[in-house]
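Trainee: File target_15.cif follows (mmCIF, C-alpha atoms):
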data_my_file
loop_
_atom_site.label_atom_id
_atom_site.label_comp_id
_atom_site.auth_asym_id
_atom_site.auth_seq_id
_atom_site.Cartn_x
_atom_site.Cartn_y
_atom_site.Cartn_z
CA MET A 1 69.78 119.48 143.94
CA ALA A 2 73.52 120.10 144.07
CA GLU A 3 75.47 117.90 141.71
CA GLU A 4 78.61 116.25 142.91
CA VAL A 5 81.34 115.93 140.32
CA LYS A 6 84.76 114.48 141.08
CA LEU A 7 87.69 113.95 138.78
CA PHE A 8 90.41 111.45 139.59
CA ARG A 9 93.60 112.44 137.81
CA THR A 10 97.36 112.59 138.03
CA TRP A 11 99.42 115.76 137.77
CA SER A 12 100.73 114.78 134.33
CA SER A 13 98.14 112.63 132.57
CA PRO A 14 97.25 114.12 129.17
CA TYR A 15 94.08 112.02 129.16
CA ALA A 16 92.90 113.60 132.40
CA LEU A 17 93.68 117.06 131.01
CA ARG A 18 91.05 116.47 128.34
CA ILE A 19 88.45 116.25 131.08
CA VAL A 20 89.83 119.24 132.99
CA TRP A 21 89.43 121.30 129.82
CA ALA A 22 85.97 119.92 129.05
CA LEU A 23 84.65 120.68 132.52
CA LYS A 24 86.15 124.16 132.34
CA LEU A 25 84.61 124.81 128.91
CA LYS A 26 81.23 123.84 130.32
CA GLY A 27 81.74 125.79 133.53
CA ILE A 28 81.20 122.77 135.75
CA GLU A 29 82.33 122.84 139.36
CA TYR A 30 84.14 119.74 140.47
CA GLU A 31 86.50 118.30 143.06
CA THR A 32 89.93 117.10 141.95
CA ILE A 33 91.52 114.02 143.46
CA PHE A 34 95.17 113.61 142.54
CA GLU A 35 96.32 110.01 142.39
CA ASP A 36 99.72 108.48 142.76
CA LEU A 37 99.52 105.55 140.37
CA THR A 38 102.26 103.69 142.23
CA ASN A 39 100.02 103.81 145.29
CA LYS A 40 96.42 103.84 144.09
CA SER A 41 93.72 104.96 146.45
CA PRO A 42 90.94 102.52 147.42
CA SER A 43 88.50 104.97 145.82
CA LEU A 44 90.21 104.77 142.44
CA LEU A 45 90.28 100.99 142.58
CA GLN A 46 86.61 100.99 143.54
CA TYR A 47 85.62 103.35 140.73
CA ASN A 48 87.83 101.80 138.05
CA PRO A 49 88.33 98.21 139.15
CA ILE A 50 89.13 96.86 135.70
CA HIS A 51 91.89 99.22 134.61
CA GLY A 52 92.76 101.17 137.77
CA LYS A 53 93.63 104.13 135.56
CA VAL A 54 92.92 107.82 135.42
CA PRO A 55 90.96 109.79 134.49
CA VAL A 56 87.77 108.71 136.20
CA LEU A 57 84.85 111.09 136.39
CA VAL A 58 82.45 110.40 139.23
CA HIS A 59 79.10 112.12 138.85
CA ASP A 60 76.74 111.79 141.81
CA GLY A 61 78.58 108.65 142.86
CA LYS A 62 78.56 107.01 139.43
CA PRO A 63 81.96 106.49 137.76
CA VAL A 64 82.77 106.95 134.07
CA CYS A 65 86.14 105.75 132.76
CA GLU A 66 88.19 106.15 129.55
CA SER A 67 88.83 109.77 128.59
CA LEU A 68 87.09 109.81 125.21
CA VAL A 69 84.06 108.06 126.74
CA ILE A 70 84.07 110.65 129.53
CA LEU A 71 84.19 113.51 126.99
CA GLU A 72 81.05 112.18 125.32
CA TYR A 73 79.38 111.69 128.70
CA VAL A 74 80.17 115.28 129.72
CA ASP A 75 78.84 116.53 126.38
CA GLU A 76 75.61 114.54 126.65
CA THR A 77 74.99 115.40 130.29
CA TRP A 78 75.70 119.13 130.13
CA LYS A 79 74.37 120.21 126.76
CA HIS A 80 75.47 123.87 126.68
CA ASN A 81 78.70 124.77 124.83
CA PRO A 82 78.63 121.52 122.84
CA LEU A 83 81.95 119.80 122.25
CA LEU A 84 80.92 117.40 119.49
CA PRO A 85 79.31 118.44 116.21
CA GLN A 86 75.56 117.86 115.90
CA ASP A 87 75.66 116.28 112.46
CA PRO A 88 76.13 112.46 112.68
CA TYR A 89 78.68 112.37 109.85
CA GLU A 90 80.77 115.19 111.35
CA LYS A 91 80.52 113.46 114.72
CA SER A 92 81.84 110.23 113.15
CA MET A 93 84.77 112.10 111.65
CA ALA A 94 85.58 113.64 115.05
CA ARG A 95 85.53 110.21 116.70
CA PHE A 96 87.61 108.73 113.88
CA TRP A 97 90.35 111.33 114.23
CA ALA A 98 90.35 111.18 118.03
CA ASN A 99 90.89 107.42 117.83
CA PHE A 100 93.56 107.91 115.18
CA GLY A 101 95.31 110.31 117.54
CA ASP A 102 95.39 107.79 120.35
CA ASP A 103 95.89 104.59 118.36
CA LYS A 104 98.27 105.67 115.62
CA LEU A 105 99.72 109.11 116.12
CA MET A 106 100.55 108.95 119.81
CA LYS A 107 102.04 105.47 119.43
CA SER A 108 104.23 106.48 116.48
CA ILE A 109 105.54 109.56 118.27
CA TRP A 110 106.24 107.44 121.34
CA GLN A 111 108.07 104.84 119.22
CA LEU A 112 110.27 107.60 117.87
CA PHE A 113 110.87 108.92 121.37
CA ILE A 114 112.11 105.59 122.70
CA ALA A 115 113.93 104.50 119.54
CA HIS A 116 117.62 103.76 119.54
CA GLU A 117 119.61 105.93 117.18
CA LYS A 118 119.73 103.23 114.52
CA ASP A 119 115.93 102.95 114.48
CA GLN A 120 115.16 106.64 114.63
CA ASP A 121 114.92 107.32 110.90
CA VAL A 122 112.30 104.64 110.32
CA ALA A 123 110.33 105.67 113.40
CA ALA A 124 110.43 109.32 112.29
CA VAL A 125 108.90 108.47 108.91
CA ALA A 126 105.82 106.94 110.55
CA ALA A 127 105.43 109.80 113.02
CA LEU A 128 105.74 112.44 110.29
CA GLU A 129 103.26 110.65 108.03
CA ASN A 130 100.72 110.54 110.82
CA LEU A 131 101.30 114.19 111.70
CA LYS A 132 100.76 115.10 108.06
CA LEU A 133 97.30 113.51 108.15
CA VAL A 134 96.39 115.68 111.13
CA GLU A 135 97.86 118.74 109.43
CA GLU A 136 95.48 118.18 106.51
CA GLN A 137 92.49 118.13 108.83
CA LEU A 138 93.30 121.65 109.98
CA LYS A 139 93.40 123.30 106.55
CA GLY A 140 91.24 126.41 106.53
CA LYS A 141 90.34 126.08 110.19
CA LYS A 142 91.49 127.76 113.38
CA PHE A 143 90.47 124.80 115.50
CA PHE A 144 89.47 121.29 114.39
CA HIS A 145 85.76 122.11 114.40
CA GLY A 146 86.06 125.68 113.17
CA GLU A 147 86.24 128.87 115.19
CA THR A 148 85.82 127.41 118.67
CA ILE A 149 87.49 124.68 120.68
CA GLY A 150 85.71 121.33 120.62
CA TYR A 151 86.07 117.60 121.17
CA LEU A 152 88.84 117.00 118.66
CA ASP A 153 90.94 119.89 119.96
CA LEU A 154 90.70 118.40 123.44
CA ALA A 155 91.51 114.94 122.07
CA PHE A 156 94.59 116.28 120.27
CA GLY A 157 95.51 118.69 123.04
CA TRP A 158 98.45 116.52 124.10
CA ILE A 159 100.20 117.47 120.86
CA ALA A 160 100.32 121.10 121.97
CA ASN A 161 102.08 120.19 125.19
CA ILE A 162 103.87 116.88 125.15
CA VAL A 163 105.32 117.05 121.65
CA SER A 164 107.47 120.09 122.43
CA ILE A 165 108.68 118.38 125.60
CA LEU A 166 109.69 115.24 123.70
CA GLU A 167 111.32 117.39 121.02
CA GLU A 168 113.43 119.16 123.62
CA ILE A 169 114.58 115.89 125.16
CA MET A 170 115.36 114.31 121.77
CA SER A 171 116.86 117.52 120.36
CA LEU A 172 114.71 116.90 117.35
CA LYS A 173 112.07 119.18 115.85
CA LEU A 174 109.04 117.25 114.66
CA VAL A 175 106.31 119.83 114.32
CA ASP A 176 108.12 122.66 112.57
CA GLY A 177 106.36 125.66 111.07
CA GLU A 178 107.54 124.91 107.55
CA ARG A 179 106.35 121.33 107.29
CA PHE A 180 103.32 121.81 109.50
CA PRO A 181 102.07 125.40 109.19
CA HIS A 182 98.47 124.60 110.16
CA LEU A 183 99.37 122.37 113.07
CA SER A 184 101.89 124.92 114.36
CA SER A 185 99.28 127.63 114.14
CA TRP A 186 96.72 125.45 115.89
CA ILE A 187 99.20 124.74 118.69
CA GLN A 188 99.64 128.47 119.19
CA HIS A 189 95.91 129.20 119.25
CA PHE A 190 95.19 126.27 121.52
CA MET A 191 97.95 127.10 124.00
CA ASP A 192 96.82 130.74 124.14
CA ALA A 193 93.17 129.91 124.79
CA PRO A 194 92.24 131.07 128.31
CA VAL A 195 90.45 127.82 129.14
CA ILE A 196 93.46 125.76 128.14
CA ARG A 197 96.58 127.66 129.10
CA ASP A 198 96.32 127.67 132.89
CA CYS A 199 95.98 123.91 133.10
CA TRP A 200 99.34 122.70 131.79
CA PRO A 201 101.41 120.65 134.20
CA PRO A 202 104.77 122.23 135.18
CA ARG A 203 107.09 121.96 132.19
CA ASP A 204 110.28 121.30 134.14
CA LYS A 205 108.64 118.43 136.01
CA MET A 206 107.36 116.99 132.72
CA ILE A 207 110.82 117.16 131.15
CA ILE A 208 112.34 115.26 134.07
CA LYS A 209 109.57 112.67 133.99
CA PHE A 210 109.90 111.94 130.28
CA GLN A 211 113.70 112.05 130.38
CA VAL A 212 113.69 109.33 133.01
CA MET A 213 111.18 107.27 131.00
CA ARG A 214 113.35 107.51 127.90
CA GLU A 215 116.50 106.55 129.79
CA ASN A 216 114.73 103.50 131.18
CA TYR A 217 113.72 102.40 127.69
CA LEU A 218 117.10 103.03 126.09
CA ALA A 219 119.33 101.75 128.90
CA PRO A 220 119.11 97.93 128.67
CA ALA A 221 120.31 97.65 125.04
CA THR A 222 123.03 100.31 125.26
CA PRO A 223 126.19 98.71 123.86
CA LYS A 224 129.36 98.85 125.94
CA MET B 1 62.83 112.34 108.94
CA GLU B 2 63.27 109.24 106.85
CA GLU B 3 66.71 108.56 105.50
CA THR B 4 66.44 107.49 101.90
CA GLY B 5 70.04 108.01 100.81
CA GLY B 6 71.91 105.04 99.38
CA VAL B 7 73.68 102.80 101.87
CA LYS B 8 76.65 100.76 100.78
CA LEU B 9 78.88 98.49 102.80
CA LEU B 10 82.35 97.47 101.76
CA GLY B 11 83.37 94.33 103.65
CA PHE B 12 85.31 91.09 103.75
CA TRP B 13 83.53 87.77 104.19
CA VAL B 14 85.26 86.66 107.38
CA SER B 15 85.87 90.05 108.95
CA PRO B 16 84.29 90.26 112.40
CA PHE B 17 84.36 94.05 112.01
CA ALA B 18 82.27 93.99 108.85
CA GLN B 19 79.93 91.51 110.55
CA ARG B 20 79.22 94.02 113.30
CA VAL B 21 78.01 96.50 110.72
CA LYS B 22 75.92 93.90 108.88
CA TRP B 23 74.17 92.99 112.15
CA ALA B 24 73.41 96.62 112.96
CA LEU B 25 71.97 97.28 109.50
CA LYS B 26 69.89 94.11 109.60
CA LEU B 27 68.55 94.74 113.10
CA LYS B 28 67.42 98.18 112.00
CA GLY B 29 65.94 96.86 108.77
CA ILE B 30 68.15 99.06 106.61
CA GLN B 31 68.51 98.12 102.96
CA TYR B 32 72.09 98.24 101.78
CA GLU B 33 74.27 97.24 98.91
CA TYR B 34 77.16 94.99 99.88
CA THR B 35 80.47 94.83 98.06
CA GLU B 36 82.99 92.13 98.89
CA GLU B 37 86.55 93.36 98.98
CA ASP B 38 89.51 91.01 98.70
CA ILE B 39 91.72 92.54 101.37
CA TYR B 40 94.76 90.65 100.04
CA ASN B 41 94.27 92.13 96.61
CA LYS B 42 92.77 95.50 97.39
CA SER B 43 90.80 97.45 94.85
CA PRO B 44 91.39 101.19 94.41
CA LEU B 45 87.98 101.65 96.04
CA VAL B 46 89.25 100.82 99.54
CA SER B 47 92.11 103.34 99.34
CA LYS B 48 89.67 105.92 98.02
CA LEU B 49 87.08 105.35 100.74
CA ASN B 50 89.47 104.70 103.62
CA PRO B 51 92.69 106.53 102.75
CA VAL B 52 94.00 106.50 106.32
CA TYR B 53 93.80 102.77 107.04
CA GLY B 54 92.89 101.15 103.71
CA LYS B 55 90.70 98.67 105.57
CA VAL B 56 87.17 97.37 105.63
CA PRO B 57 84.44 97.78 106.72
CA VAL B 58 83.56 101.10 105.21
CA LEU B 59 79.98 102.31 105.27
CA VAL B 60 79.07 104.78 102.56
CA HIS B 61 75.91 106.79 103.18
CA ASN B 62 74.79 109.51 100.78
CA GLY B 63 78.20 109.24 99.17
CA LYS B 64 80.11 109.86 102.41
CA PRO B 65 82.37 107.12 103.78
CA ILE B 66 82.69 106.18 107.44
CA SER B 67 85.24 103.66 108.69
CA GLU B 68 86.11 101.83 111.93
CA SER B 69 83.36 99.41 112.91
CA ILE B 70 82.50 100.85 116.33
CA ILE B 71 82.33 104.37 114.89
CA ILE B 72 80.11 103.06 112.09
CA LEU B 73 77.78 101.48 114.67
CA GLU B 74 77.40 104.82 116.47
CA TYR B 75 76.70 106.55 113.16
CA ILE B 76 74.04 104.01 112.20
CA ASP B 77 72.40 104.38 115.60
CA GLU B 78 72.29 108.16 115.30
CA VAL B 79 70.92 108.28 111.77
CA TRP B 80 68.35 105.45 112.02
CA LYS B 81 66.51 105.71 115.29
CA GLN B 82 64.47 102.49 115.13
CA ALA B 83 65.68 99.48 117.17
CA PRO B 84 68.16 101.63 119.15
CA LEU B 85 71.52 100.03 119.88
CA LEU B 86 72.70 102.42 122.57
CA PRO B 87 70.61 103.34 125.62
CA GLN B 88 69.19 106.86 125.96
CA ASP B 89 70.60 107.72 129.37
CA PRO B 90 74.09 109.34 129.19
CA TYR B 91 75.48 107.23 132.04
CA GLU B 92 74.22 103.98 130.52
CA ARG B 93 75.61 105.08 127.16
CA ALA B 94 78.99 105.69 128.78
CA GLN B 95 78.90 102.20 130.31
CA ALA B 96 78.02 100.69 126.92
CA ARG B 97 80.89 102.54 125.23
CA PHE B 98 83.29 101.43 127.97
CA TRP B 99 82.28 97.79 127.62
CA ALA B 100 82.35 97.92 123.83
CA LYS B 101 85.95 99.18 124.00
CA PHE B 102 86.72 96.43 126.50
CA ALA B 103 85.12 93.78 124.30
CA GLU B 104 87.18 94.89 121.32
CA GLU B 105 90.53 95.54 122.98
CA LYS B 106 90.61 93.02 125.80
CA VAL B 107 88.29 90.21 124.74
CA ARG B 108 88.57 89.91 120.95
CA GLN B 109 92.15 91.11 120.52
CA SER B 110 93.67 88.97 123.25
CA VAL B 111 92.06 85.81 121.85
CA TRP B 112 93.54 86.52 118.44
CA GLU B 113 96.94 87.29 119.96
CA ALA B 114 96.82 83.94 121.74
CA VAL B 115 96.05 82.21 118.44
CA CYS B 116 98.94 83.88 116.61
CA SER B 117 101.64 83.48 119.22
CA SER B 118 103.58 80.63 120.73
CA GLY B 119 105.45 79.66 123.88
CA GLU B 120 105.59 82.16 126.71
CA GLU B 121 103.91 84.85 124.65
CA LYS B 122 100.99 82.52 123.96
CA GLN B 123 100.62 81.66 127.63
CA LYS B 124 100.53 85.33 128.53
CA ALA B 125 97.93 86.06 125.87
CA VAL B 126 95.72 83.19 126.99
CA LYS B 127 95.95 84.44 130.57
CA SER B 128 94.92 87.95 129.44
CA ALA B 129 92.04 86.52 127.44
CA VAL B 130 90.77 84.46 130.36
CA GLU B 131 91.00 87.48 132.67
CA ALA B 132 89.03 89.54 130.15
CA PHE B 133 86.41 86.83 129.93
CA GLU B 134 86.16 86.79 133.71
CA GLU B 135 85.40 90.53 133.75
CA PHE B 136 82.88 90.11 130.98
CA GLU B 137 81.22 87.21 132.81
CA LYS B 138 81.03 89.27 136.00
CA GLU B 139 79.38 92.18 134.22
CA LEU B 140 76.86 89.97 132.41
CA LYS B 141 75.93 88.33 135.72
CA ARG B 142 75.64 91.72 137.42
CA ARG B 143 73.25 92.95 134.73
CA GLY B 144 71.24 89.73 134.88
CA THR B 145 69.66 90.36 131.49
CA LYS B 146 69.41 88.19 128.40
CA PHE B 147 71.74 90.47 126.47
CA PHE B 148 74.21 93.12 127.47
CA GLY B 149 71.78 95.75 126.30
CA GLY B 150 68.84 94.27 128.20
CA GLU B 151 66.13 92.09 126.72
CA THR B 152 67.10 93.06 123.19
CA ILE B 153 70.43 93.03 121.41
CA GLY B 154 72.41 96.25 121.80
CA PHE B 155 75.69 97.96 121.11
CA VAL B 156 77.95 95.86 123.31
CA ASP B 157 76.35 92.61 122.16
CA ILE B 158 77.11 93.50 118.56
CA VAL B 159 80.72 94.52 119.28
CA ALA B 160 81.38 91.41 121.40
CA GLY B 161 79.24 89.23 119.14
CA CYS B 162 82.11 87.99 117.00
CA ILE B 163 83.13 85.63 119.79
CA SER B 164 79.78 83.86 119.47
CA TYR B 165 80.66 82.35 116.11
CA GLN B 166 84.43 82.72 115.83
CA LEU B 167 85.78 81.86 119.28
CA ALA B 168 85.38 78.10 118.90
CA VAL B 169 87.19 78.23 115.55
CA HIS B 170 89.99 80.34 117.04
CA GLU B 171 90.37 77.95 119.93
CA GLU B 172 90.74 75.05 117.52
CA VAL B 173 93.16 76.89 115.23
CA GLY B 174 95.27 78.11 118.12
CA SER B 175 95.03 74.94 120.23
CA ILE B 176 93.80 76.98 123.15
CA LYS B 177 90.84 76.69 125.49
CA ILE B 178 89.29 79.83 126.87
CA LEU B 179 85.55 79.40 127.04
CA ASP B 180 84.97 76.69 129.60
CA SER B 181 81.17 76.71 129.90
CA SER B 182 81.28 75.60 133.53
CA LYS B 183 83.53 78.56 134.32
CA PHE B 184 81.62 81.02 132.15
CA PRO B 185 77.92 80.09 132.35
CA ALA B 186 76.64 83.63 131.72
CA ILE B 187 78.76 84.12 128.61
CA SER B 188 77.82 80.65 127.34
CA GLU B 189 74.14 81.45 127.80
CA TRP B 190 74.62 84.86 126.16
CA ILE B 191 76.24 83.22 123.13
CA LYS B 192 73.34 80.81 122.84
CA ASN B 193 70.75 83.61 122.98
CA PHE B 194 72.72 85.78 120.61
CA LEU B 195 73.05 83.09 117.94
CA ASN B 196 69.39 82.18 118.38
CA HIS B 197 68.36 85.46 116.84
CA PRO B 198 67.55 84.78 113.16
CA LEU B 199 69.08 88.00 111.91
CA ILE B 200 72.30 87.30 113.81
CA ASN B 201 72.70 83.72 112.67
CA GLU B 202 71.82 84.42 109.06
CA GLY B 203 74.65 84.41 106.54
CA LEU B 204 77.51 83.76 108.94
CA PRO B 205 80.64 82.32 107.34
CA GLN B 206 80.97 78.53 107.29
CA LYS B 207 83.00 76.95 110.09
CA ASP B 208 85.32 75.00 107.80
CA GLN B 209 86.02 78.05 105.68
CA MET B 210 86.78 80.10 108.78
CA PHE B 211 89.06 77.34 110.07
CA ALA B 212 91.02 77.27 106.80
CA TYR B 213 91.28 81.05 106.68
CA PHE B 214 92.33 81.59 110.30
CA SER B 215 94.79 78.70 110.16
CA LYS B 216 96.53 80.24 107.19
CA ARG B 217 96.36 83.76 108.56
CA SER B 218 97.66 82.90 112.03
CA LYS B 219 100.59 80.97 110.56
CA GLU B 220 101.49 83.97 108.38
CA ILE B 221 101.42 86.28 111.39
CA ALA B 222 103.36 83.83 113.57
CA SER B 223 106.10 83.43 110.96
CA ARG B 224 106.32 87.20 110.48
CA LYS B 225 106.83 87.53 114.22
CA MET B 226 109.59 84.90 114.15
CA SER B 227 111.38 86.62 111.26
CA HIS B 228 111.31 89.92 113.16
CA LYS B 229 112.82 88.23 116.17
CA THR B 230 115.64 86.55 114.28
CA ALA B 231 116.35 89.56 112.03
#
Show how you would write the structure in this file as structure tokens.
Mentor:
Amino acid sequence: MAEEVKLFRTWSSPYALRIVWALKLKGIEYETIFEDLTNKSPSLLQYNPIHGKVPVLVHDGKPVCESLVILEYVDETWKHNPLLPQDPYEKSMARFWANFGDDKLMKSIWQLFIAHEKDQDVAAVAALENLKLVEEQLKGKKFFHGETIGYLDLAFGWIANIVSILEEIMSLKLVDGERFPHLSSWIQHFMDAPVIRDCWPPRDKMIIKFQVMRENYLAPATPK
Amino acid sequence: MEETGGVKLLGFWVSPFAQRVKWALKLKGIQYEYTEEDIYNKSPLVSKLNPVYGKVPVLVHNGKPISESIIILEYIDEVWKQAPLLPQDPYERAQARFWAKFAEEKVRQSVWEAVCSSGEEKQKAVKSAVEAFEEFEKELKRRGTKFFGGETIGFVDIVAGCISYQLAVHEEVGSIKILDSSKFPAISEWIKNFLNHPLINEGLPQKDQMFAYFSKRSKEIASRKMSHKTA
């Protein structure tokens, strides 16, 4: 019986990229549906009526939403090339750090990105502290789970791409090789991995997108 | 393989997060040692066991600490296989995880935000909470079972379960009304069934103590918000 797998995504969503990578790592064939979130398709609204967000994975007509939930679904459905560790404690640690990435790290980097000049120093402290915690997780390891790419690498994959884009726009280096040798090395390995590297959204488009977002945030309070 | 390693739980008496873990351990019949932590006067133990957040609950099993209540629930379910909390089927598991996230982020959090805010912000939060309850009500009706997990209490029930014994207190503290039983018959029935379970109802904090605590706490948060605004 042929399986039908569809992925609803946008061209830029880092959350959807997690699923693109996961499906690629598992060698799963799927159909991509690109969404314009300013003009959502009826299908997207049908499959994710509560949030109307991407990514949504639809497997044989049944939708799964929320990227980290989808990652676990993919891992449990297609058991080869496992993404999560087998050991329950190691699995808990992976989930913990993935949630930290989304709840704390991403938010603190975003706060720095949209901060007015006067607030930048304080915002930078939080972002750097959070990055340091991730740096410590990588000590002695090529990837978060060891020698091969797994769940946590996919969860943190946005660091490898978006952070350098935000740094370029802000003219501010956050993840430098001196302060973050392990994270910098991980970024290099991750970006070079064949499964990962062909999937990045066009950099110039991303820079424009985030530049516009930043301008929108900073504009209203700009003093005359 | 039987797990005989020591199980310890670090919690706070009124924490809904710690309560989730207590319920899971009780439902599975797991013996554990409980330590009460005063979160306003933290012991070095919390920072040692949860260096990233410094919060409770923390479950310590065989000397290894796990934090974040929903993550702890998944751990407990994977280590102790009796009375399973999550379904076996990957799709059903994904649905349970989705709804647990929803229960935490949209249901519980928005109620608390409504309690701690005022004016326009409060109105917005109440609206969000009601909308979240409407989604929850719809899903419960669609499933048509006694609990979210089916005929027995499961993962989503435990995560959402804090509303069963804290919502009424929050409504009183915050002078808000969210759970209108005529508007939410399925949720009201679910709450009744949930609290009817002896292991769920056992040892819950007293209503008057919760009222005093949440009153104080919400005022502190509200005044902190005001001072940020006027700063």
Trainee: Do a neighbour search on Lys81 of chain B at 12 Å with only C-alpha atoms, toss out local chain neighbours closer than 5 positions, and write the hits as a ChimeraX atom specification.
Mentor: /B:1-3,24-25,27-30,74-76,86-88
Trainee: Return as a PyMOL selection string the residues belonging to chain B that are within 10 Å of chain A, counting all atoms listed in the file.
Mentor: chain B and resi 51-53+61+64-68+70-79+89-98+101-102+132+135
Trainee: Write a file of the selected residues as an mmCIF file, in the coordinates of the input, keeping C-alpha atoms.
Mentor:
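File produced: part_36.cif:
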data_model
loop_
_atom_site.group_PDB
_atom_site.id
_atom_site.type_symbol
_atom_site.label_atom_id
_atom_site.label_comp_id
_atom_site.auth_asym_id
_atom_site.auth_seq_id
_atom_site.Cartn_x
_atom_site.Cartn_y
_atom_site.Cartn_z
ATOM 1 C CA PRO B 51 92.690 106.530 102.750
ATOM 2 C CA VAL B 52 94.000 106.500 106.320
ATOM 3 C CA TYR B 53 93.800 102.770 107.040
ATOM 4 C CA HIS B 61 75.910 106.790 103.180
ATOM 5 C CA LYS B 64 80.110 109.860 102.410
ATOM 6 C CA PRO B 65 82.370 107.120 103.780
ATOM 7 C CA ILE B 66 82.690 106.180 107.440
ATOM 8 C CA SER B 67 85.240 103.660 108.690
ATOM 9 C CA GLU B 68 86.110 101.830 111.930
ATOM 10 C CA ILE B 70 82.500 100.850 116.330
ATOM 11 C CA ILE B 71 82.330 104.370 114.890
ATOM 12 C CA ILE B 72 80.110 103.060 112.090
ATOM 13 C CA LEU B 73 77.780 101.480 114.670
ATOM 14 C CA GLU B 74 77.400 104.820 116.470
ATOM 15 C CA TYR B 75 76.700 106.550 113.160
ATOM 16 C CA ILE B 76 74.040 104.010 112.200
ATOM 17 C CA ASP B 77 72.400 104.380 115.600
ATOM 18 C CA GLU B 78 72.290 108.160 115.300
ATOM 19 C CA VAL B 79 70.920 108.280 111.770
ATOM 20 C CA ASP B 89 70.600 107.720 129.370
ATOM 21 C CA PRO B 90 74.090 109.340 129.190
ATOM 22 C CA TYR B 91 75.480 107.230 132.040
ATOM 23 C CA GLU B 92 74.220 103.980 130.520
ATOM 24 C CA ARG B 93 75.610 105.080 127.160
ATOM 25 C CA ALA B 94 78.990 105.690 128.780
ATOM 26 C CA GLN B 95 78.900 102.200 130.310
ATOM 27 C CA ALA B 96 78.020 100.690 126.920
ATOM 28 C CA ARG B 97 80.890 102.540 125.230
ATOM 29 C CA PHE B 98 83.290 101.430 127.970
ATOM 30 C CA LYS B 101 85.950 99.180 124.000
ATOM 31 C CA PHE B 102 86.720 96.430 126.500
ATOM 32 C CA ALA B 132 89.030 89.540 130.150
ATOM 33 C CA GLU B 135 85.400 90.530 133.750
#
Trainee: Please write as a PyMOL selection string the full residue list that the PyMOL selection byres ((chain B and resi 8) around 8) yields on this file.
Mentor: chain B and resi 6-7+9-10+32-35+59-61
Trainee: Write out as an MDAnalysis selection string which residues come within 12 Å of Val122 of chain A when counting all atoms listed in the file, dropping same-chain ones fewer than 3 positions away.
Mentor: chainID A and resid 108:109 111:113 115:119 125:129
Trainee: For Cys162 of chain B, list every protein, DNA or RNA residue within 6 Å, evaluated using all atoms listed in the file, and leave out those in the same chain fewer than 3 positions away; present the list as a PDB file with C-alpha atoms, in the frame of the given file.
Mentor:
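The new file out_6.pdb reads:
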ATOM      1  CA  PRO B  16      84.290  90.260 112.400  1.00  0.00           C
ATOM      2  CA  TYR B 165      80.660  82.350 116.110  1.00  0.00           C
ATOM      3  CA  GLN B 166      84.430  82.720 115.830  1.00  0.00           C
TER       4      GLN B 166
END
Trainee: Spell out the residues picked by the PyMOL selection byres ((chain A and resi 206) around 10) here, as a compact mmCIF listing (two decimals) with C-alpha atoms, keeping the file's coordinate frame.
Mentor:
# COMPACT_ATOMS: atom_id res chain seq x y z
CA TRP A 11 99.42 115.76 137.77
CA SER A 12 100.73 114.78 134.33
CA ASN A 161 102.08 120.19 125.19
CA ILE A 162 103.87 116.88 125.15
CA ILE A 165 108.68 118.38 125.60
CA LEU A 166 109.69 115.24 123.70
CA TRP A 200 99.34 122.70 131.79
CA PRO A 201 101.41 120.65 134.20
CA PRO A 202 104.77 122.23 135.18
CA ARG A 203 107.09 121.96 132.19
CA ASP A 204 110.28 121.30 134.14
CA LYS A 205 108.64 118.43 136.01
CA ILE A 207 110.82 117.16 131.15
CA ILE A 208 112.34 115.26 134.07
CA LYS A 209 109.57 112.67 133.99
CA PHE A 210 109.90 111.94 130.28
CA GLN A 211 113.70 112.05 130.38
CA VAL A 212 113.69 109.33 133.01
Trainee: What does the distance from atom CA of Lys106 of chain B to atom CA of Ile176 of chain B come to in Å, to one decimal?
Mentor: 16.6 Å
Trainee: Could you give me the centre and size, in Å to one decimal, of an axis-aligned box around all listed atoms of segment 192-206 of chain B with 4 Å added on every side, as AutoDock Vina command-line options?
Mentor:
--center_x 74.3 --center_y 83.3 --center_z 114.8 --size_x 21.4 --size_y 17.5 --size_z 24.4
Trainee: Once the PyMOL selection byres ((chain A and resi 27-30) around 8) has been applied to the shown file, what residues remain in the selection, as a ChimeraX atom specification?
Mentor: /A:4-7,23-26,31-32
Trainee: Please save C-alpha atoms of the selected residues as a PDB file, in the frame of the given file.
Mentor:
ATOM      1  CA  GLU A   4      78.610 116.250 142.910  1.00  0.00           C
ATOM      2  CA  VAL A   5      81.340 115.930 140.320  1.00  0.00           C
ATOM      3  CA  LYS A   6      84.760 114.480 141.080  1.00  0.00           C
ATOM      4  CA  LEU A   7      87.690 113.950 138.780  1.00  0.00           C
ATOM      5  CA  LEU A  23      84.650 120.680 132.520  1.00  0.00           C
ATOM      6  CA  LYS A  24      86.150 124.160 132.340  1.00  0.00           C
ATOM      7  CA  LEU A  25      84.610 124.810 128.910  1.00  0.00           C
ATOM      8  CA  LYS A  26      81.230 123.840 130.320  1.00  0.00           C
ATOM      9  CA  GLU A  31      86.500 118.300 143.060  1.00  0.00           C
ATOM     10  CA  THR A  32      89.930 117.100 141.950  1.00  0.00           C
TER      11      THR A  32
END
Trainee: Using only C-alpha atoms, can you tell me which of B:Lys26, B:Lys55, B:Lys219, B:Lys48 comes closest to Phe12 of chain B?
Mentor: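 Ranked by minimum distance to Phe12 of chain B, first place goes to B:Lys55.
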Trainee: Work out how far apart atom CA of Arg179 of chain A and atom CA of Val134 of chain A are and give it in Å to one decimal.
Mentor: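 Result for atom CA of Arg179 of chain A versus atom CA of Val134 of chain A: 12.1 Å, one decimal.
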